[in-house]
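First comes the structure, then the notes that go with it.
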Amino acid sequence: MRVLMLQFLKGSWHYGELDAVQAFGHKFVIKQMGRGFVKVGAEKPDPEDVRIGRTGLGRKQKQIQSGEWDLIILDEIHYAITYGMLDAVKVAEGVKRKPEMVHVILTGRNAHPAIVEVADTDTEMRQVKHAYEKGVMAQRGIEY
């Protein structure tokens with residue numbers, strides 16, 4: 001399959017998956033749609049992050065309709081929705097308009113009900129425990 005991953009929160013940083021996909025050549029492409037770290041919590045996202053996310057949403061729809069890709073992964077898009085950077089209803093409408101043979105995967109936690117409604121499959125994973133809780137920092141080859 002020809003795979004495109006659009007990363008909604010990752011930006012200028014170098015991530016391990018950028019190296020990993022090189023083995024697939026032109027059949028797996030990653031495009032970073034953000035600037036990197038996004039402030040969350042009580043603070044609202046930076047307006048520039050919101051603008052970039054919305055621009056990425058338009059690019060997402062063009063790529064889905066392009067016929068160039070068999071599978072499109074919208075990496076961490078659920079977080080972008082949760083953080084108020086993207087509108088869940090618009091994302092769901094875009095997924096509904098996808099060509100029949102284009103597969104779209106949305107990642108992140110806490111999918112919005114509008115997205116769950118249009119999804120064929122919704123999987124929720126939860127952490128039971130993590131080494132970080134015991135003070136083990138991110139390890140090369142595992143987390144990055």
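Residues are referred to by chain and number: the chain letter is A, B, ... according to the order shown in the structure tokens, the number counts from 1 in that chain, and ligands are numbered separately from 1 in the order shown.
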
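The shell of residues at most 7 Å from range 111-125 of chain A, with only C-alpha atoms counted and near chain neighbours (fewer than 2 positions) removed, consists of His78, Ala88, Val89, Ala92, Lys96, Arg109 and Gln127 of chain A.
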
Given the selection you just returned, output its residues as a file containing C-alpha atoms, formatted as a tab-separated table (two decimals), in the first residue's frame.
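Result written to part33.tsv:
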chain	number	residue	atom	x	y	z
A	78	HIS	CA	-7.61	13.31	18.35
A	88	ALA	CA	-14.31	17.37	15.31
A	89	VAL	CA	-17.39	17.73	13.10
A	92	ALA	CA	-15.71	13.65	10.70
A	96	LYS	CA	-17.22	10.53	5.51
A	109	ARG	CA	-6.83	9.33	22.81
A	127	GLN	CA	-1.99	2.27	29.90

Could you give me, as a JSON list (two decimals) with C-alpha atoms, in the first residue's frame, the residues within 10 Å of Gln63 in chain A, counting only C-alpha atoms and dropping anything in the same chain fewer than 6 positions from it?
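File selection-v2.json, as written:
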[["chain", "number", "residue", "atom", "x", "y", "z"],
["A", 4, "LEU", "CA", 0.86, 8.82, 3.98],
["A", 6, "LEU", "CA", 0.17, 13.38, 8.47],
["A", 57, "LEU", "CA", -6.83, 19.86, 7.97],
["A", 69, "TRP", "CA", -2.61, 7.07, -1.26],
["A", 72, "ILE", "CA", -3.67, 7.82, 5.32],
["A", 98, "LYS", "CA", -13.28, 9.70, 1.57]]

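Between Arg51 in chain A and the candidates A:Thr107, A:Lys134, A:Leu86, A:Glu93, the tightest atom-to-atom separation, counting only C-alpha atoms, involves A:Leu86.
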
Open item on the list: Just checking: using only C-alpha atoms, which residue out of A:Gly34, A:Gly94, A:Gly141, A:Pro45 ends up closest to Gln61 in chain A?
Closed with: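 Checking each candidate against Gln61 in chain A, we get A:Gly94 as the closest.
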
Task: helix (DSSP H, G or I) residues, from DSSP on the backbone, in chain A, as number ranges by chain - done: A: 16-27, 47-65, 77-82, 88-96, 113-118, 131-134

Open item on the list: Please report the interatomic distance between CA of Ile30 in chain A and CA of Gln7 in chain A in Å with one decimal.
Closed with: 7.3 Å

Task: From A:Gln32, A:His130, A:Thr82, A:Thr55, residue lying nearest His14 in chain A [only C-alpha atoms] - done: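 Comparing A:Gln32, A:His130, A:Thr82, A:Thr55 against His14 in chain A, the winner is A:Gln32.
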
Task: Residue nearest Glu68 in chain A among A:Asp46, A:Val95, A:Arg2, A:Ala23 (counting only C-alpha atoms) - done: A:Arg2

- [ ] Kindly give the distance, in Å, that separates CA of Leu74 in chain A and CA of Phe28 in chain A, rounded to a single decimal.
- [x] 13.4 Å
